[in-house]
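Asks: Below is target_4.json; it holds JSON, N, CA and C atoms.
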```json
[["chain", "number", "residue", "atom", "x", "y", "z"],
["A", 29, "MET", "N", 8.09, -0.21, 1.15],
["A", 29, "MET", "CA", 8.37, -0.37, -0.26],
["A", 29, "MET", "C", 8.54, 1.02, -0.88],
["A", 30, "LYS", "N", 9.51, 1.17, -1.72],
["A", 30, "LYS", "CA", 9.79, 2.47, -2.33],
["A", 30, "LYS", "C", 8.94, 2.68, -3.57],
["A", 31, "ALA", "N", 8.66, 3.95, -3.86],
["A", 31, "ALA", "CA", 7.85, 4.29, -5.02],
["A", 31, "ALA", "C", 8.54, 3.86, -6.31],
["A", 32, "LYS", "N", 9.84, 3.91, -6.33],
["A", 32, "LYS", "CA", 10.59, 3.49, -7.52],
["A", 32, "LYS", "C", 10.35, 2.02, -7.83],
["A", 33, "GLU", "N", 10.31, 1.21, -6.78],
["A", 33, "GLU", "CA", 10.02, -0.22, -6.94],
["A", 33, "GLU", "C", 8.60, -0.44, -7.44],
["A", 34, "LEU", "N", 7.67, 0.38, -6.94],
["A", 34, "LEU", "CA", 6.27, 0.24, -7.33],
["A", 34, "LEU", "C", 6.06, 0.61, -8.79],
["A", 35, "ARG", "N", 6.81, 1.58, -9.28],
["A", 35, "ARG", "CA", 6.65, 2.00, -10.67],
["A", 35, "ARG", "C", 7.10, 0.91, -11.65],
["A", 36, "ASN", "N", 7.93, -0.02, -11.19],
["A", 36, "ASN", "CA", 8.40, -1.10, -12.04],
["A", 36, "ASN", "C", 7.38, -2.23, -12.15],
["A", 37, "LEU", "N", 6.35, -2.23, -11.30],
["A", 37, "LEU", "CA", 5.34, -3.28, -11.32],
["A", 37, "LEU", "C", 4.25, -2.95, -12.33],
["A", 38, "THR", "N", 3.53, -3.98, -12.77],
["A", 38, "THR", "CA", 2.40, -3.77, -13.67],
["A", 38, "THR", "C", 1.20, -3.30, -12.85],
["A", 39, "SER", "N", 0.18, -2.82, -13.54],
["A", 39, "SER", "CA", -1.02, -2.33, -12.86],
["A", 39, "SER", "C", -1.71, -3.44, -12.08],
["A", 40, "GLU", "N", -1.73, -4.65, -12.65],
["A", 40, "GLU", "CA", -2.37, -5.77, -11.96],
["A", 40, "GLU", "C", -1.62, -6.12, -10.68],
["A", 41, "GLU", "N", -0.30, -6.07, -10.76],
["A", 41, "GLU", "CA", 0.51, -6.35, -9.57],
["A", 41, "GLU", "C", 0.30, -5.27, -8.51],
["A", 42, "LEU", "N", 0.13, -4.03, -8.96],
["A", 42, "LEU", "CA", -0.12, -2.94, -8.01],
["A", 42, "LEU", "C", -1.45, -3.12, -7.30],
["A", 43, "VAL", "N", -2.46, -3.53, -8.05],
["A", 43, "VAL", "CA", -3.77, -3.75, -7.44],
["A", 43, "VAL", "C", -3.70, -4.88, -6.41],
["A", 44, "SER", "N", -2.96, -5.92, -6.73],
["A", 44, "SER", "CA", -2.82, -7.02, -5.78],
["A", 44, "SER", "C", -2.02, -6.58, -4.55],
["A", 45, "LYS", "N", -0.99, -5.76, -4.74],
["A", 45, "LYS", "CA", -0.24, -5.21, -3.61],
["A", 45, "LYS", "C", -1.14, -4.34, -2.73],
["A", 46, "LEU", "N", -2.01, -3.56, -3.37],
["A", 46, "LEU", "CA", -2.93, -2.71, -2.63],
["A", 46, "LEU", "C", -3.86, -3.55, -1.76],
["A", 47, "ASP", "N", -4.40, -4.61, -2.33],
["A", 47, "ASP", "CA", -5.25, -5.51, -1.56],
["A", 47, "ASP", "C", -4.49, -6.15, -0.40],
["A", 48, "GLU", "N", -3.25, -6.51, -0.68],
["A", 48, "GLU", "CA", -2.41, -7.12, 0.36],
["A", 48, "GLU", "C", -2.16, -6.15, 1.51],
["A", 49, "PHE", "N", -1.83, -4.90, 1.17],
["A", 49, "PHE", "CA", -1.59, -3.89, 2.20],
["A", 49, "PHE", "C", -2.86, -3.59, 2.99],
["A", 50, "LYS", "N", -3.99, -3.53, 2.32],
["A", 50, "LYS", "CA", -5.24, -3.25, 3.01],
["A", 50, "LYS", "C", -5.60, -4.36, 3.99],
["A", 51, "SER", "N", -5.39, -5.61, 3.58],
["A", 51, "SER", "CA", -5.69, -6.71, 4.49],
["A", 51, "SER", "C", -4.72, -6.71, 5.67],
["A", 52, "GLU", "N", -3.46, -6.35, 5.42],
["A", 52, "GLU", "CA", -2.49, -6.26, 6.51],
["A", 52, "GLU", "C", -2.88, -5.15, 7.49],
["A", 53, "LEU", "N", -3.34, -4.02, 6.96],
["A", 53, "LEU", "CA", -3.76, -2.92, 7.81],
["A", 53, "LEU", "C", -4.96, -3.33, 8.67],
["A", 54, "PHE", "N", -5.89, -4.05, 8.09],
["A", 54, "PHE", "CA", -7.04, -4.54, 8.85],
["A", 54, "PHE", "C", -6.57, -5.44, 9.98],
["A", 55, "SER", "N", -5.65, -6.33, 9.66],
["A", 55, "SER", "CA", -5.12, -7.26, 10.67],
["A", 55, "SER", "C", -4.41, -6.50, 11.79],
["A", 56, "LEU", "N", -3.63, -5.50, 11.41],
["A", 56, "LEU", "CA", -2.92, -4.70, 12.42],
["A", 56, "LEU", "C", -3.88, -3.94, 13.31],
["A", 57, "ARG", "N", -4.92, -3.38, 12.73],
["A", 57, "ARG", "CA", -5.91, -2.65, 13.53],
["A", 57, "ARG", "C", -6.65, -3.59, 14.47],
["A", 58, "PHE", "N", -6.93, -4.79, 14.00],
["A", 58, "PHE", "CA", -7.60, -5.77, 14.83],
["A", 58, "PHE", "C", -6.69, -6.15, 16.01],
["A", 59, "GLN", "N", -5.40, -6.36, 15.73],
["A", 59, "GLN", "CA", -4.45, -6.68, 16.78],
["A", 59, "GLN", "C", -4.33, -5.54, 17.78],
["A", 60, "LEU", "N", -4.37, -4.30, 17.29],
["A", 60, "LEU", "CA", -4.28, -3.14, 18.17],
["A", 60, "LEU", "C", -5.48, -3.08, 19.10],
["A", 61, "ALA", "N", -6.66, -3.36, 18.56],
["A", 61, "ALA", "CA", -7.88, -3.30, 19.36],
["A", 61, "ALA", "C", -7.90, -4.39, 20.43],
["A", 62, "THR", "N", -7.31, -5.53, 20.14],
["A", 62, "THR", "CA", -7.31, -6.62, 21.11],
["A", 62, "THR", "C", -6.08, -6.60, 22.02],
["A", 63, "GLY", "N", -5.19, -5.63, 21.80],
["A", 63, "GLY", "CA", -4.02, -5.48, 22.66],
["A", 63, "GLY", "C", -2.91, -6.46, 22.35],
["A", 64, "GLN", "N", -2.88, -7.02, 21.17],
["A", 64, "GLN", "CA", -1.86, -7.99, 20.80],
["A", 64, "GLN", "C", -0.76, -7.43, 19.91],
["A", 65, "LEU", "N", -0.90, -6.17, 19.48],
["A", 65, "LEU", "CA", 0.05, -5.59, 18.55],
["A", 65, "LEU", "C", 1.34, -5.20, 19.27],
["A", 66, "GLN", "N", 2.47, -5.67, 18.76],
["A", 66, "GLN", "CA", 3.76, -5.38, 19.35],
["A", 66, "GLN", "C", 4.39, -4.12, 18.75],
["A", 67, "ASN", "N", 4.33, -4.00, 17.42],
["A", 67, "ASN", "CA", 4.99, -2.90, 16.73],
["A", 67, "ASN", "C", 3.93, -1.95, 16.17],
["A", 68, "THR", "N", 3.61, -0.90, 16.90],
["A", 68, "THR", "CA", 2.57, 0.03, 16.47],
["A", 68, "THR", "C", 3.02, 0.89, 15.29],
["A", 69, "ALA", "N", 4.31, 1.04, 15.09],
["A", 69, "ALA", "CA", 4.82, 1.85, 13.98],
["A", 69, "ALA", "C", 4.52, 1.20, 12.63],
["A", 70, "ARG", "N", 4.26, -0.09, 12.63],
["A", 70, "ARG", "CA", 3.96, -0.81, 11.38],
["A", 70, "ARG", "C", 2.68, -0.28, 10.74],
["A", 71, "ILE", "N", 1.74, 0.16, 11.55],
["A", 71, "ILE", "CA", 0.48, 0.72, 11.02],
["A", 71, "ILE", "C", 0.79, 1.93, 10.14],
["A", 72, "LYS", "N", 1.66, 2.78, 10.62],
["A", 72, "LYS", "CA", 2.03, 3.99, 9.87],
["A", 72, "LYS", "C", 2.70, 3.65, 8.55],
["A", 73, "THR", "N", 3.60, 2.67, 8.56],
["A", 73, "THR", "CA", 4.31, 2.32, 7.33],
["A", 73, "THR", "C", 3.37, 1.66, 6.32],
["A", 74, "VAL", "N", 2.43, 0.87, 6.80],
["A", 74, "VAL", "CA", 1.47, 0.24, 5.88],
["A", 74, "VAL", "C", 0.56, 1.29, 5.26],
["A", 75, "LYS", "N", 0.14, 2.27, 6.05],
["A", 75, "LYS", "CA", -0.69, 3.35, 5.51],
["A", 75, "LYS", "C", 0.07, 4.12, 4.43],
["A", 76, "ARG", "N", 1.35, 4.36, 4.67],
["A", 76, "ARG", "CA", 2.16, 5.06, 3.67],
["A", 76, "ARG", "C", 2.34, 4.23, 2.40],
["A", 77, "ASP", "N", 2.51, 2.92, 2.57],
["A", 77, "ASP", "CA", 2.63, 2.04, 1.41],
["A", 77, "ASP", "C", 1.35, 2.06, 0.59],
["A", 78, "ILE", "N", 0.19, 2.07, 1.26],
["A", 78, "ILE", "CA", -1.09, 2.14, 0.56],
["A", 78, "ILE", "C", -1.16, 3.44, -0.24],
["A", 79, "ALA", "N", -0.74, 4.54, 0.38],
["A", 79, "ALA", "CA", -0.77, 5.84, -0.30],
["A", 79, "ALA", "C", 0.16, 5.85, -1.51],
["A", 80, "LYS", "N", 1.33, 5.21, -1.38],
["A", 80, "LYS", "CA", 2.27, 5.16, -2.50],
["A", 80, "LYS", "C", 1.69, 4.38, -3.68],
["A", 81, "VAL", "N", 1.06, 3.25, -3.38],
["A", 81, "VAL", "CA", 0.47, 2.44, -4.44],
["A", 81, "VAL", "C", -0.66, 3.22, -5.13],
["A", 82, "LYS", "N", -1.49, 3.88, -4.34],
["A", 82, "LYS", "CA", -2.59, 4.65, -4.92],
["A", 82, "LYS", "C", -2.06, 5.80, -5.77],
["A", 83, "THR", "N", -0.97, 6.40, -5.35],
["A", 83, "THR", "CA", -0.37, 7.50, -6.11],
["A", 83, "THR", "C", 0.15, 7.01, -7.45],
["A", 84, "VAL", "N", 0.83, 5.89, -7.46],
["A", 84, "VAL", "CA", 1.37, 5.34, -8.71],
["A", 84, "VAL", "C", 0.23, 4.97, -9.65],
["A", 85, "LEU", "N", -0.84, 4.37, -9.12],
["A", 85, "LEU", "CA", -1.99, 4.02, -9.95],
["A", 85, "LEU", "C", -2.65, 5.28, -10.53],
["A", 86, "ALA", "N", -2.76, 6.32, -9.73],
["A", 86, "ALA", "CA", -3.35, 7.58, -10.20],
["A", 86, "ALA", "C", -2.49, 8.21, -11.28],
["A", 87, "GLU", "N", -1.17, 8.16, -11.12],
["A", 87, "GLU", "CA", -0.27, 8.70, -12.13],
["A", 87, "GLU", "C", -0.45, 7.96, -13.46],
["A", 88, "ARG", "N", -0.60, 6.66, -13.39],
["A", 88, "ARG", "CA", -0.77, 5.88, -14.62],
["A", 88, "ARG", "C", -2.09, 6.21, -15.30],
["A", 89, "LYS", "N", -3.14, 6.38, -14.53],
["A", 89, "LYS", "CA", -4.43, 6.74, -15.13],
["A", 89, "LYS", "C", -4.35, 8.11, -15.79],
["A", 90, "LEU", "N", -3.64, 9.04, -15.14],
["A", 90, "LEU", "CA", -3.48, 10.37, -15.70],
["A", 90, "LEU", "C", -2.69, 10.32, -17.01],
["A", 91, "ASN", "N", -1.63, 9.53, -17.04],
["A", 91, "ASN", "CA", -0.83, 9.40, -18.26],
["A", 91, "ASN", "C", -1.61, 8.75, -19.38],
["A", 92, "GLU", "N", -2.46, 7.77, -19.05],
["A", 92, "GLU", "CA", -3.29, 7.13, -20.06],
["A", 92, "GLU", "C", -4.32, 8.10, -20.62],
["A", 93, "ALA", "N", -4.85, 8.95, -19.77],
["A", 93, "ALA", "CA", -5.85, 9.91, -20.22],
["A", 93, "ALA", "C", -5.22, 10.96, -21.14],
["A", 94, "ARG", "N", -3.99, 11.33, -20.86],
["A", 94, "ARG", "CA", -3.30, 12.31, -21.69],
["A", 94, "ARG", "C", -2.91, 11.73, -23.05],
["A", 95, "ALA", "N", -2.63, 10.45, -23.08],
["A", 95, "ALA", "CA", -2.16, 9.84, -24.34],
["A", 95, "ALA", "C", -3.28, 9.57, -25.31]]
```
Show the structure stored in the file as structure tokens.

Replies:
Amino acid sequence: MKAKELRNLTSEELVSKLDEFKSELFSLRFQLATGQLQNTARIKTVKRDIAKVKTVLAERKLNEARA
């Protein structure tokens, strides 16, 4: 997911996306540990998506504090 797309979402939607990505990452790690994971590159992309969501949320908090 692109950061531009994330900026168009509301804060509540971002928090729900963050929870969704975290649960997906947990599932992927569990699959990796049990040897069932087919696409290991997905872990990297989910981690990056989590970072993007956290960055957008942090930017919004910073803007609210300045205003």

Asks: With all atoms listed in the file as the atoms that count, which of A:Lys32, A:Asp77, A:Ala61, A:Leu90 lies nearest to A:Leu46?

Replies: A:Asp77

Asks: Pick out each residue of chain A that DSSP on the backbone tags as helix (DSSP H, G or I); I need them as an MDAnalysis selection string.

Replies: chainID A and resid 31:35 39:62 69:94

Asks: What does the distance between atom CA of A:Asn36 and atom C of A:Arg70 come to in Å, to one decimal place?

Replies: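 These atoms are spaced 23.5 Å apart.
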
Asks: Quick one: pull the distance between atom CA of A:Ala93 and atom CA of A:Lys50, Å, one decimal.

Replies: 26.7 Å

Asks: Nearest residue to A:Thr38 out of A:Ala95, A:Ile78, A:Leu60, A:Leu85, using only C-alpha atoms?

Replies: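 Closest candidate: A:Leu85.
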
Asks: Can you find the residues with an atom no farther than 12 Å from (-1.9, -4.1, -7.2), counting only C-alpha atoms, and report them as JSON, numbers by chain?

Replies: {"A": [34, 35, 36, 37, 38, 39, 40, 41, 42, 43, 44, 45, 46, 47, 48, 49, 50, 77, 78, 80, 81, 82, 83, 84, 85]}

Asks: Interatomic distance between atom CA of A:Lys75 and atom CA of A:Ala31?

Replies: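 Going from atom CA of A:Lys75 over to atom CA of A:Ala31 covers 13.6 Å.
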